[in-house]
file work-v4.txt (compact mmCIF, C-alpha atoms)
# COMPACT_ATOMS: atom_id res chain seq x y z
CA MET A 1025 -3.25 13.32 -2.20
CA SER A 1026 0.34 12.32 -2.69
CA GLY A 1027 2.15 13.27 -5.86
CA ALA A 1028 2.03 9.99 -7.77
CA SER A 1029 1.89 9.86 -11.54
CA TYR A 1030 -1.53 10.33 -13.10
CA TYR A 1031 -1.04 7.12 -15.10
CA ASP A 1032 0.31 4.98 -12.25
CA ILE A 1033 -2.05 2.00 -12.13
CA ASP A 1034 -0.98 1.07 -8.59
CA ASP A 1035 -1.86 4.56 -7.38
CA ILE A 1036 -5.22 4.37 -9.13
CA LEU A 1037 -5.93 1.00 -7.50
CA SER A 1038 -4.83 2.25 -4.08
CA VAL A 1039 -7.46 5.01 -3.99
CA GLN A 1040 -10.22 2.51 -4.83
CA GLU A 1041 -10.22 1.40 -1.18
CA ARG A 1042 -13.56 2.11 0.42
CA VAL A 1043 -13.81 4.34 3.48
CA PRO A 1044 -16.76 4.96 5.81
CA CYS A 1045 -18.51 8.31 5.45
CA VAL A 1046 -21.53 10.11 6.89
CA LEU A 1047 -23.54 12.17 4.42
CA GLN A 1048 -24.04 15.83 5.33
CA VAL A 1049 -26.71 16.51 2.68
CA ASP A 1050 -29.62 14.66 1.07
CA LEU A 1051 -28.68 13.28 -2.33
CA ASP A 1052 -31.28 12.49 -4.98
CA GLY A 1053 -30.73 9.75 -7.51
CA LEU A 1054 -27.95 7.92 -5.68
CA GLY A 1055 -29.88 5.46 -3.53
CA PRO A 1056 -31.11 2.01 -4.46
CA SER A 1057 -33.94 2.30 -6.91
CA GLY A 1058 -36.30 -0.63 -6.88
CA SER A 1059 -39.97 -1.32 -7.28
CA GLY A 1060 -41.69 1.68 -5.76
CA GLY A 1061 -38.59 2.64 -3.74
CA THR A 1062 -37.01 6.04 -3.56
CA SER A 1063 -33.58 6.73 -4.96
CA LYS A 1064 -32.81 9.40 -2.36
CA VAL A 1065 -29.98 9.01 0.15
CA HIS A 1066 -30.72 10.91 3.33
CA ARG A 1067 -28.52 13.15 5.40
CA ASN A 1068 -26.64 11.46 8.28
CA SER A 1069 -26.78 8.07 6.57
CA ARG A 1070 -23.62 6.00 6.58
CA GLN A 1071 -22.05 5.03 3.26
CA THR A 1072 -18.79 3.43 2.22
CA LEU A 1073 -17.29 5.21 -0.75
CA PRO A 1074 -14.08 4.80 -2.72
CA PHE A 1075 -11.38 6.99 -1.19
CA TRP A 1076 -10.95 9.11 -4.34
CA MET A 1077 -14.63 10.06 -4.21
CA ALA A 1078 -14.90 10.42 -0.44
CA ASP A 1079 -11.84 12.67 -0.30
CA ARG A 1080 -13.30 15.08 -2.87
CA LEU A 1081 -16.78 15.05 -1.30
CA ASN A 1082 -15.18 15.64 2.09
CA GLU A 1083 -13.41 18.73 0.74
CA GLU A 1084 -16.76 20.06 -0.50
CA ASP A 1085 -18.45 19.27 2.86
CA TYR A 1086 -20.92 16.80 1.32
CA VAL A 1087 -19.65 14.02 3.57
CA ASN A 1088 -17.66 13.58 6.75
CA MET A 1089 -15.04 10.98 6.00
CA GLU A 1090 -14.26 8.68 8.92
CA VAL A 1091 -10.99 6.88 9.60
CA SER A 1092 -10.62 3.74 7.54
CA PRO A 1093 -10.70 0.67 9.82
CA MET A 1094 -7.24 -0.33 8.60
CA PHE A 1095 -5.84 2.89 10.11
CA SER A 1096 -7.92 3.05 13.28
CA LYS A 1097 -6.18 3.55 16.64
CA GLN A 1098 -6.75 -0.12 17.49
CA ALA A 1099 -5.23 -1.25 14.18
CA ASN A 1100 -2.27 1.11 14.63
CA ARG A 1101 -1.59 -0.34 18.09
CA MET A 1102 -1.70 -3.84 16.61
CA TYR A 1103 0.74 -2.81 13.85
CA ALA A 1104 3.10 -1.30 16.43
CA ALA A 1105 2.98 -4.41 18.64
CA SER A 1106 3.87 -6.94 15.96
CA PRO A 1107 4.36 -5.54 12.47
CA GLU A 1108 5.80 -8.78 11.07
CA SER A 1109 2.68 -10.79 11.91
CA ILE A 1110 0.27 -8.51 10.01
CA GLN A 1111 -1.15 -10.00 6.81
CA LEU A 1112 -1.01 -6.82 4.71
CA ARG A 1113 -1.93 -8.59 1.47
CA ALA A 1114 -5.18 -9.74 3.14
CA ILE A 1115 -5.95 -6.15 4.18
CA THR A 1116 -5.11 -4.61 0.81
CA GLN A 1117 -2.43 -5.14 -1.82
CA HIS A 1118 -1.66 -1.41 -1.84
CA TYR A 1119 -1.46 -0.81 1.90
CA TYR A 1120 1.44 1.65 1.93
CA GLN A 1121 0.25 3.64 -1.09
CA PHE A 1122 -3.22 3.96 0.38
CA GLY A 1123 -1.64 4.88 3.70
CA LEU A 1124 0.21 7.76 2.05
CA HIS A 1125 -3.10 9.15 0.82
CA VAL A 1126 -4.71 8.71 4.24
CA GLY A 1127 -1.62 10.23 5.84
CA ASP A 1128 -2.51 13.54 4.24
CA LEU A 1129 -5.64 13.53 6.44
CA ILE A 1130 -4.54 11.72 9.62
CA PRO A 1131 -1.24 13.03 11.01
CA GLU A 1132 -0.16 9.89 12.93
CA VAL A 1133 -0.46 7.51 9.96
CA PRO A 1134 2.88 8.37 8.26
CA GLN A 1135 4.81 7.55 11.45
CA VAL A 1136 2.96 4.23 11.83
CA LEU A 1137 3.70 3.39 8.18
CA ARG A 1138 7.36 4.30 8.55
CA ASN A 1139 7.90 2.23 11.70
CA MET A 1140 6.07 -0.76 10.29
CA TYR A 1141 7.87 -0.59 6.95
CA MET A 1142 11.31 -0.32 8.53
CA GLN A 1143 10.72 -3.36 10.77
CA ARG A 1144 9.25 -5.42 7.96
CA LEU A 1145 12.04 -4.34 5.60
CA GLN A 1146 14.61 -5.90 7.92
CA LYS A 1147 12.76 -9.21 7.71
CA ILE A 1148 12.51 -8.86 3.91
CA ALA A 1149 16.30 -8.36 3.71
CA GLN A 1150 16.88 -11.46 5.86
CA ILE A 1151 14.56 -13.57 3.73
CA SER A 1152 16.18 -12.37 0.50
CA GLN A 1153 19.46 -13.93 1.64
CA GLN A 1154 17.85 -17.37 1.93
CA GLY A 1155 17.69 -17.96 -1.80
CA GLN A 1156 15.00 -18.10 -4.45
CA ASN A 1157 12.44 -20.54 -2.99
CA VAL A 1158 10.94 -18.30 -0.30
CA GLU A 1159 7.45 -17.78 -1.78
CA SER A 1160 5.95 -20.44 0.48
CA LEU A 1161 6.94 -18.64 3.70
CA ASP A 1162 3.98 -17.15 5.58
CA PHE A 1163 5.67 -13.76 5.89
CA VAL A 1164 6.27 -13.58 2.14
CA GLN A 1165 2.60 -14.41 1.55
CA SER A 1166 1.65 -11.45 3.75
CA LEU A 1167 3.61 -8.81 1.81
CA ASP A 1168 1.79 -5.99 0.08
CA LYS A 1169 2.73 -5.07 -3.48
CA SER A 1170 5.51 -2.60 -2.62
CA GLU A 1171 7.09 -5.02 -0.14
CA ALA A 1172 6.96 -7.87 -2.67
CA HIS A 1173 8.72 -5.59 -5.16
CA MET A 1174 11.35 -4.78 -2.53
CA LEU A 1175 11.89 -8.51 -1.88
CA LYS A 1176 12.45 -9.08 -5.59
CA LEU A 1177 14.97 -6.22 -5.72
CA CYS A 1178 16.82 -7.62 -2.68
CA GLN A 1179 16.94 -11.08 -4.25
CA ASN A 1180 18.29 -9.66 -7.51
CA SER A 1181 20.95 -7.75 -5.56
CA GLN A 1182 21.95 -10.91 -3.69
CA ARG A 1183 22.22 -12.81 -6.98
CA ALA A 1184 24.30 -10.03 -8.58
CA MET A 1185 26.61 -9.93 -5.55
CA ALA A 1186 27.15 -13.70 -5.71
CA GLU A 1187 27.93 -13.51 -9.44
CA TRP A 1188 30.38 -10.68 -8.84
CA GLN A 1189 32.12 -12.59 -6.06
CA GLN A 1190 32.49 -15.62 -8.34
CA ASN A 1191 33.81 -13.43 -11.19
CA LYS A 1192 30.77 -14.30 -13.33
CA ALA A 1193 29.38 -10.80 -13.48
CA TYR A 1194 31.84 -9.36 -15.94
CA THR A 1195 34.39 -10.88 -18.27
CA LEU A 1196 37.24 -8.93 -19.73
CA LYS A 1197 37.73 -9.35 -23.43
CA LYS A 1198 40.71 -8.51 -25.54
CA ALA A 1199 40.22 -5.42 -27.64
CA PRO A 1200 39.86 -6.20 -31.38
CA VAL A 1201 42.77 -3.88 -32.26
CA LEU A 1202 45.27 -5.92 -30.24
CA PRO A 1203 46.92 -8.97 -31.86
call {"tool": "encode", "arguments": {"input": "work-v4.txt", "output": "C-alpha cells"}}
result
Amino acid sequence: MSGASYYDIDDILSVQERVPCVLQVDLDGLGPSGSGGTSKVHRNSRQTLPFWMADRLNEEDYVNMEVSPMFSKQANRMYAASPESIQLRAITQHYYQFGLHVGDLIPEVPQVLRNMYMQRLQKIAQISQQGQNVESLDFVQSLDKSEAHMLKLCQNSQRAMAEWQQNKAYTLKKAPVLP
C-alpha cells in the first residue's frame, strides 16, 4: 500500500472500497448463518471484500483478488477517451487514493490515473478562474475529494492574486518608532 499516514481518515476510507475476490480455501464461520444453514464459505466462491482485507488475504494466498471494476481495461479505455466526462464522485469519493493502492498491484493504473488527473486538472484550473459560484456546474459535481480540494486551492489562489493586484493583500504601516 502507499505510504499515507496511519491516521489519515481519507486513506482509511479509500481502502474500504470493495473488490471482487475468489476464495482459495474453505472458511468456517464466515458465511451467512441462518435457520439450519451452514456458516461455511466454500473454496472457489466469489466474494466482495474491502480492499484492506482482500489485499492482506491475497498476500497470504487465501484469496485471488480480481481487478476492481473501476480499474478494468474497459473502464481505463473510457477514462482515456473522455476523462472530463467521468463522474468520479459517483464511482467513489476517494478515486485517486484508492487508485494509488490498486496501482501497487496493477502496473498500468498509475499511468491511467496520471493522464486522467492532468487532463481534469486543466479543466479545474479553468473553472477556478470563473469565480466563486461554480458548484452547480456538472463537472464540479463530478469531482472526487482530492479534485474538489484542488479546486478550492485554485480558487483561493485566484482570490489572493486579485487582492494583490488591487493592493488589498498587504498594507504598509508606519513603524511605531517613527514620528
call {"tool": "atom_distance", "arguments": {"input": "work-v4.txt", "atom1": "CA of Asn1157 in chain A", "atom2": "CA of Ile1115 in chain A"}}
result
24.4 Å
call {"tool": "closest_atom_pairs", "arguments": {"input": "work-v4.txt", "of": "range 1068-1170 of chain A", "to": "range 1180-1191 of chain A", "cutoff": "10 Å", "atoms": "only C-alpha atoms", "output": "JSON lines"}}
result
{"residue": "A:Ala1149", "atom": "CA", "partner": "A:Gln1182", "partner_atom": "CA", "distance": 9.7}
{"residue": "A:Ser1152", "atom": "CA", "partner": "A:Gln1182", "partner_atom": "CA", "distance": 7.3}
{"residue": "A:Gln1153", "atom": "CA", "partner": "A:Gln1182", "partner_atom": "CA", "distance": 6.6}
{"residue": "A:Gln1154", "atom": "CA", "partner": "A:Gln1182", "partner_atom": "CA", "distance": 9.5}
{"residue": "A:Gly1155", "atom": "CA", "partner": "A:Gln1182", "partner_atom": "CA", "distance": 8.5}
{"residue": "A:Gln1156", "atom": "CA", "partner": "A:Arg1183", "partner_atom": "CA", "distance": 9.3}
call {"tool": "closest_residue", "arguments": {"input": "work-v4.txt", "among": "A:Ile1148, A:Ala1104, A:Cys1045, A:Leu1037", "to": "Gln1135 in chain A", "atoms": "all atoms listed in the file"}}
result
A:Ala1104
call {"tool": "atom_distance", "arguments": {"input": "work-v4.txt", "atom1": "CA of Asn1139 in chain A", "atom2": "CA of Arg1113 in chain A"}}
result
17.8 Å
call {"tool": "atom_distance", "arguments": {"input": "work-v4.txt", "atom1": "CA of Pro1044 in chain A", "atom2": "CA of Pro1093 in chain A"}}
result
8.4 Å
call {"tool": "closest_residue", "arguments": {"input": "work-v4.txt", "among": "A:Ser1038, A:Gln1048, A:Gln1146, A:Gln1071", "to": "Asp1168 in chain A", "atoms": "only C-alpha atoms"}}
result
A:Ser1038
call {"tool": "residues_around", "arguments": {"input": "work-v4.txt", "residues": "Ser1069 in chain A", "least_positions_apart": "4", "cutoff": "10 Å", "atoms": "all atoms listed in the file", "output": "PyMOL selection string"}}
result
chain A and resi 1045-1050+1065+1087
call {"tool": "residues_around", "arguments": {"input": "work-v4.txt", "residues": "range 1077-1083 of chain A", "least_positions_apart": "6", "cutoff": "9 Å", "atoms": "all atoms listed in the file", "output": "PyMOL selection string"}}
result
chain A and resi 1025+1039-1040+1042-1045+1089
call {"tool": "build_atoms", "arguments": {"input": "work-v4.txt", "residues": "range 1133-1155 of chain A", "atoms": "N, CA, C and O atoms", "output": "compact mmCIF listing (two decimals), in the coordinates of the input"}}
result
# COMPACT_ATOMS: atom_id res chain seq x y z
N VAL A 1133 -0.61 8.64 10.87
CA VAL A 1133 -0.46 7.51 9.96
C VAL A 1133 0.93 7.42 9.33
O VAL A 1133 1.51 6.33 9.28
N PRO A 1134 1.54 8.51 8.86
CA PRO A 1134 2.88 8.37 8.26
C PRO A 1134 3.91 7.76 9.22
O PRO A 1134 4.75 6.95 8.80
N GLN A 1135 3.86 8.11 10.49
CA GLN A 1135 4.81 7.55 11.45
C GLN A 1135 4.55 6.05 11.65
O GLN A 1135 5.50 5.26 11.73
N VAL A 1136 3.29 5.66 11.70
CA VAL A 1136 2.96 4.23 11.83
C VAL A 1136 3.46 3.48 10.60
O VAL A 1136 4.08 2.41 10.73
N LEU A 1137 3.24 4.03 9.42
CA LEU A 1137 3.70 3.39 8.18
C LEU A 1137 5.21 3.25 8.17
O LEU A 1137 5.75 2.20 7.82
N ARG A 1138 5.89 4.31 8.56
CA ARG A 1138 7.36 4.30 8.55
C ARG A 1138 7.90 3.23 9.50
O ARG A 1138 8.76 2.43 9.11
N ASN A 1139 7.41 3.21 10.73
CA ASN A 1139 7.90 2.23 11.70
C ASN A 1139 7.63 0.80 11.24
O ASN A 1139 8.49 -0.07 11.34
N MET A 1140 6.43 0.58 10.74
CA MET A 1140 6.07 -0.76 10.29
C MET A 1140 6.92 -1.17 9.09
O MET A 1140 7.44 -2.30 9.04
N TYR A 1141 7.10 -0.27 8.15
CA TYR A 1141 7.87 -0.59 6.95
C TYR A 1141 9.32 -0.89 7.29
O TYR A 1141 9.90 -1.84 6.77
N MET A 1142 9.91 -0.11 8.17
CA MET A 1142 11.31 -0.32 8.53
C MET A 1142 11.51 -1.67 9.22
O MET A 1142 12.48 -2.37 8.93
N GLN A 1143 10.59 -2.06 10.10
CA GLN A 1143 10.72 -3.36 10.77
C GLN A 1143 10.50 -4.51 9.79
O GLN A 1143 11.21 -5.51 9.83
N ARG A 1144 9.51 -4.36 8.93
CA ARG A 1144 9.25 -5.42 7.96
C ARG A 1144 10.35 -5.49 6.90
O ARG A 1144 10.66 -6.57 6.39
N LEU A 1145 10.96 -4.37 6.59
CA LEU A 1145 12.04 -4.34 5.60
C LEU A 1145 13.25 -5.14 6.09
O LEU A 1145 13.91 -5.81 5.29
N GLN A 1146 13.53 -5.10 7.37
CA GLN A 1146 14.61 -5.90 7.92
C GLN A 1146 14.35 -7.39 7.70
O GLN A 1146 15.25 -8.14 7.31
N LYS A 1147 13.13 -7.80 7.93
CA LYS A 1147 12.76 -9.21 7.71
C LYS A 1147 12.84 -9.56 6.22
O LYS A 1147 13.29 -10.65 5.86
N ILE A 1148 12.43 -8.63 5.36
CA ILE A 1148 12.51 -8.86 3.91
C ILE A 1148 13.97 -9.05 3.50
O ILE A 1148 14.29 -9.95 2.71
N ALA A 1149 14.87 -8.23 4.03
CA ALA A 1149 16.30 -8.36 3.71
C ALA A 1149 16.85 -9.70 4.18
O ALA A 1149 17.62 -10.34 3.46
N GLN A 1150 16.43 -10.15 5.36
CA GLN A 1150 16.88 -11.46 5.86
C GLN A 1150 16.38 -12.59 4.96
O GLN A 1150 17.14 -13.51 4.63
N ILE A 1151 15.14 -12.52 4.57
CA ILE A 1151 14.56 -13.57 3.73
C ILE A 1151 15.22 -13.59 2.35
O ILE A 1151 15.44 -14.66 1.77
N SER A 1152 15.57 -12.42 1.83
CA SER A 1152 16.18 -12.37 0.50
C SER A 1152 17.52 -13.09 0.46
O SER A 1152 17.95 -13.54 -0.60
N GLN A 1153 18.18 -13.24 1.59
CA GLN A 1153 19.46 -13.93 1.64
C GLN A 1153 19.31 -15.45 1.69
O GLN A 1153 20.29 -16.17 1.57
N GLN A 1154 18.09 -15.93 1.83
CA GLN A 1154 17.85 -17.37 1.93
C GLN A 1154 17.81 -18.07 0.57
O GLN A 1154 17.78 -19.28 0.51
N GLY A 1155 17.74 -17.34 -0.49
CA GLY A 1155 17.69 -17.96 -1.80
C GLY A 1155 16.39 -17.63 -2.53
O GLY A 1155 15.66 -16.73 -2.15
